[in-house]
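Reviewing the structure listed below.
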Amino acid sequence: MKADITRTTFHPGKHYSRVVAQQGRVQIDSDWNEQVSISNYFMRRLAADLIGPYGGPQTDLGFAIVPIDVGGGPSAVDFAIGPGVYYVDGIRCELQARWLAATPVKDGKNQVAVVTLMLDGIAFDKDQYLTVVDPDSNKSAQARIVSVDYAKRILTLTDMAAFAAAKPAKLRLRRLTRWQLQPQLAAPALATGRYHVYLDVWERLVTSSEDDLIREVALEGPDTGARAQIVWQVRTWPAGEADECLLPGALGSMLQPDARGLLRARARPEHSDTDPCIIAPDASYRGPENQLYRVEIHTGNLNVPAGTKPSFKWSRDNGSVTYPIARGGGSNLLILESLGRDDRLGLNEGDWVEVVDDAYVLQGRSTPLLQVQAIDRGHMAVTLTGTPAGDVGKDPALHPLLRRWDHRAGDPDEGGLDLGPDNAALIAVDMDDAAWIDLEDGVQVQFVAAPDAVYRPGDYWLIPARVATGDVEWPSARVPDEQGALHDQRVALPPFGIAHSYAPLAVIEVAGDGVDVVYDCRLQFPAVTAPRLRGTARKKAGDT
């Protein structure tokens, strides 16, 4: 999570149950954040223990894959995602869909009047899909919006034949979420074939630059806390000739394998040592301030073209230094809202930056980094060495911003960085004895050499560096050398995140005329009180 924090201190293996505040002590962000992490961990583990790896409540089972059978729509191979709740690894995923009252228009063909043109925070528009229900007969049908009369608040729908005989005086509408237009992923069109449909769940950090309502305007500028957001995305995976649902864990082994890249961190020893893993007692971090270094994979090596080399970028501020883009998104000349509040958080010529927006983050994209060529501080204008790839940063509604990274090219033979075609630092994965890489001020990292290690874009490690100790905070273990003497060696750790959870939803068959659901893979569970409520009459107080 790219927030301006001091460090992260939550470790499940320590089995802490709560944080205890002590009187007269300094309060810091890491204590408060650890308490929230402890509570989240226990709550989600409890849900996973009771429910299993995934499942939803019978009374509100969500994420049904529903073929859209309304003819004449803009996409014949799209499908809908049913509203409701589903748990994945104890994480509650919810697709809200509120019911809205509607009145059939007298003498109006396939027209209904509504009291508001907003539903679930989204305005009604052409080609949106709805579920229409007659509350008296309980008949239901799907419909597509053909047109909207904004002045009279009247929707013209594709077909109301299902209610012609009953002639209902009132109806209820609920939005059908299309797969290609789901809220947190713009999914592509599907070719003909069979697919697994699955739920991908993870967390992203949202700051006031990405959600204006987080900032308290009464403070006239400064922001406060950030937010962790649960992201759910309905995705597809080619199924070939599969005739059954995926087993638990199958998706994770394909998309988040156990053989993740490993990293060590240390403060550089003052004297060389024959063993690069042995930490000398005079190791020193020489930075003037406490920092939280973030090492993040930029280009991965999973499901990429042959010959692609993984790369990484790093930040001394956990990647939290960003500059919202006011104008010029999509070009190499950007007008920013700010150039930073001081020299430490400012932007300088030669800095490597990444243009990002909401869609870029949610899609897990990684495009080549760009370099700051010139800065016009009077006009808040920044000229980059190139333009962002694709449409990144063009839409102001997606909160485009510039993120600063702090790496620089150097001599790899001296521990420097070798930049790849994406302008991030290359990771040597084919060396028997990987070298320690210099970041700055004595901070070094080492990617443990393993030809089969998997690196995914967004995987990251956090390295707190402290002036008081002259070292970085990283776990060590006592290991013997060739002579049997024990020495401290920094432990090689897998990425701290991003952790994804997966659940199969369905197997579908895509043909030229639409989508057919072959298997519904969702699991469901009843409410604990359901057996007692069914067929049980209420008893008076005192009855036995």
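Labels used: A, B, ... for chains in the order of the structure tokens, numbers from 1 for residues in each chain, and numbers from 1 for ligands as shown.
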Exercise. Determine which residues of region 233-432 of chain A DSSP labels as strand (DSSP E) from the backbone of this structure, then write them out as a ChimeraX atom specification.
Key: /A:233-238,263-267,291-297,311-315,322-327,333-336,352-356,370-376,381-384,401-405,425-426
Name the residues in contact with Ala477 (chain A) at a cut-off of 9 Å, using only C-alpha atoms, excluding same-chain residues fewer than 5 positions from it; report them as a PyMOL selection string.
chain A and resi 487-491
Quick one: residues within 8 Å of Gly249 (chain A), only C-alpha atoms, excluding same-chain residues fewer than 3 positions away - as a list in words?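 Contacts, with the query itself left out: Gly252, Ser253 and Tyr502 of chain A.
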I need the residues from that last selection saved to file as a PDB file, in the first residue's frame (with N, CA and C atoms), if you can.
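Just written: out_0.pdb:
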ATOM      1  N   GLY A 252      -5.195 -20.093  -7.819  1.00  0.00           N
ATOM      2  CA  GLY A 252      -4.049 -19.512  -7.137  1.00  0.00           C
ATOM      3  C   GLY A 252      -2.732 -20.072  -7.634  1.00  0.00           C
ATOM      4  N   SER A 253      -2.699 -21.387  -7.908  1.00  0.00           N
ATOM      5  CA  SER A 253      -1.452 -21.988  -8.387  1.00  0.00           C
ATOM      6  C   SER A 253      -1.095 -21.495  -9.774  1.00  0.00           C
ATOM      7  N   TYR A 502      -8.859 -15.975  -4.927  1.00  0.00           N
ATOM      8  CA  TYR A 502      -9.606 -16.353  -6.121  1.00  0.00           C
ATOM      9  C   TYR A 502     -10.725 -17.330  -5.772  1.00  0.00           C
TER      10      TYR A 502
END
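In this comparison, which uses only C-alpha atoms, the residue of A:Asn301, A:Gln96, A:Gln142, A:Thr387 approaching Asp452 (chain A) most closely is A:Asn301.
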Give me, as number ranges by chain, all polymer residues having an atom no more than 10 Å from Val19 (chain A), counting only C-alpha atoms and skipping those fewer than 2 positions away in the same chain.
A: 16-17, 21-22, 31-36, 38
Write out as a ChimeraX atom specification the set of residues from region 103-193 of chain A that DSSP, computed on the backbone, places in helix (DSSP H, G or I).
/A:161-163,179-181
| request: Would you kindly return, as a list in words, each protein, DNA or RNA residue with an atom no farther than 12 Å from any atom of Asp223 (chain A), considering only C-alpha atoms and excluding same-chain residues fewer than 2 positions away? | output: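 Answer for this query is Ala3, Asp4, Thr207, Ser208, Ser209, Glu210, Asp211, Asp212, Leu213, Ile214, Arg215, Glu216, Val217, Ala218, Leu219, Glu220, Gly221, Gly225, Ala226 and Arg227 of chain A.
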Give me a file of those residues, with C-alpha atoms, as a PDB file, in the first residue's frame.
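Produced file again-v6.pdb, reproduced below:
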ATOM      1  CA  ALA A   3       0.705   5.390   1.849  1.00  0.00           C
ATOM      2  CA  ASP A   4       2.858   7.856   3.774  1.00  0.00           C
ATOM      3  CA  THR A 207      -5.741   8.451  -1.017  1.00  0.00           C
ATOM      4  CA  SER A 208      -7.422  11.837  -1.202  1.00  0.00           C
ATOM      5  CA  SER A 209      -5.869  12.287  -4.662  1.00  0.00           C
ATOM      6  CA  GLU A 210      -8.013   9.377  -5.893  1.00  0.00           C
ATOM      7  CA  ASP A 211     -11.155  10.089  -3.839  1.00  0.00           C
ATOM      8  CA  ASP A 212     -11.933  13.751  -3.236  1.00  0.00           C
ATOM      9  CA  LEU A 213     -14.305  12.996  -0.356  1.00  0.00           C
ATOM     10  CA  ILE A 214     -11.498  11.638   1.837  1.00  0.00           C
ATOM     11  CA  ARG A 215      -9.965  15.079   2.251  1.00  0.00           C
ATOM     12  CA  GLU A 216     -11.504  17.341   4.925  1.00  0.00           C
ATOM     13  CA  VAL A 217     -11.865  20.657   3.125  1.00  0.00           C
ATOM     14  CA  ALA A 218     -12.116  22.512   6.451  1.00  0.00           C
ATOM     15  CA  LEU A 219      -8.391  21.860   6.894  1.00  0.00           C
ATOM     16  CA  GLU A 220      -7.803  23.950   3.753  1.00  0.00           C
ATOM     17  CA  GLY A 221      -5.279  21.676   2.109  1.00  0.00           C
ATOM     18  CA  GLY A 225      -5.869   9.143   6.568  1.00  0.00           C
ATOM     19  CA  ALA A 226      -6.009   6.996   3.448  1.00  0.00           C
ATOM     20  CA  ARG A 227      -8.382   4.086   2.824  1.00  0.00           C
TER      21      ARG A 227
END
Residue with the minimum atom-to-atom distance to Tyr455 (chain A), picked from A:Ile498, A:Leu339, A:Ala123, A:Leu369 with only C-alpha atoms counted, is A:Ile498
Find the residues near Asp49 (chain A): any atom within 12 Å, counting only C-alpha atoms, skip ones fewer than 6 places away on the same chain, and give them as JSON, numbers by chain.
{"A": [41, 42, 43, 55, 87, 88, 89, 90, 91]}
Could you save the residues just selected, with N, CA and C atoms, as a PDB file, in the first residue's frame?
ATOM      1  N   TYR A  41      -7.504  -9.501  10.434  1.00  0.00           N
ATOM      2  CA  TYR A  41      -6.980 -10.856  10.285  1.00  0.00           C
ATOM      3  C   TYR A  41      -7.869 -11.866  11.009  1.00  0.00           C
ATOM      4  N   PHE A  42      -8.203 -11.586  12.263  1.00  0.00           N
ATOM      5  CA  PHE A  42      -9.035 -12.523  13.023  1.00  0.00           C
ATOM      6  C   PHE A  42     -10.442 -12.631  12.432  1.00  0.00           C
ATOM      7  N   MET A  43     -11.001 -11.516  12.005  1.00  0.00           N
ATOM      8  CA  MET A  43     -12.353 -11.544  11.438  1.00  0.00           C
ATOM      9  C   MET A  43     -12.383 -12.353  10.143  1.00  0.00           C
ATOM     10  N   GLY A  55     -17.776 -18.962  -0.662  1.00  0.00           N
ATOM     11  CA  GLY A  55     -19.184 -19.306  -0.513  1.00  0.00           C
ATOM     12  C   GLY A  55     -20.003 -18.073  -0.238  1.00  0.00           C
ATOM     13  N   TYR A  87     -18.198 -14.572  -0.240  1.00  0.00           N
ATOM     14  CA  TYR A  87     -16.984 -14.515   0.578  1.00  0.00           C
ATOM     15  C   TYR A  87     -15.868 -15.292  -0.114  1.00  0.00           C
ATOM     16  N   VAL A  88     -14.700 -14.695  -0.173  1.00  0.00           N
ATOM     17  CA  VAL A  88     -13.517 -15.338  -0.749  1.00  0.00           C
ATOM     18  C   VAL A  88     -12.382 -15.206   0.265  1.00  0.00           C
ATOM     19  N   ASP A  89     -11.897 -16.348   0.790  1.00  0.00           N
ATOM     20  CA  ASP A  89     -10.875 -16.354   1.844  1.00  0.00           C
ATOM     21  C   ASP A  89     -11.280 -15.454   3.009  1.00  0.00           C
ATOM     22  N   GLY A  90     -12.555 -15.459   3.339  1.00  0.00           N
ATOM     23  CA  GLY A  90     -13.051 -14.670   4.459  1.00  0.00           C
ATOM     24  C   GLY A  90     -13.300 -13.215   4.145  1.00  0.00           C
ATOM     25  N   ILE A  91     -13.025 -12.775   2.937  1.00  0.00           N
ATOM     26  CA  ILE A  91     -13.225 -11.374   2.550  1.00  0.00           C
ATOM     27  C   ILE A  91     -14.614 -11.234   1.950  1.00  0.00           C
TER      28      ILE A  91
END
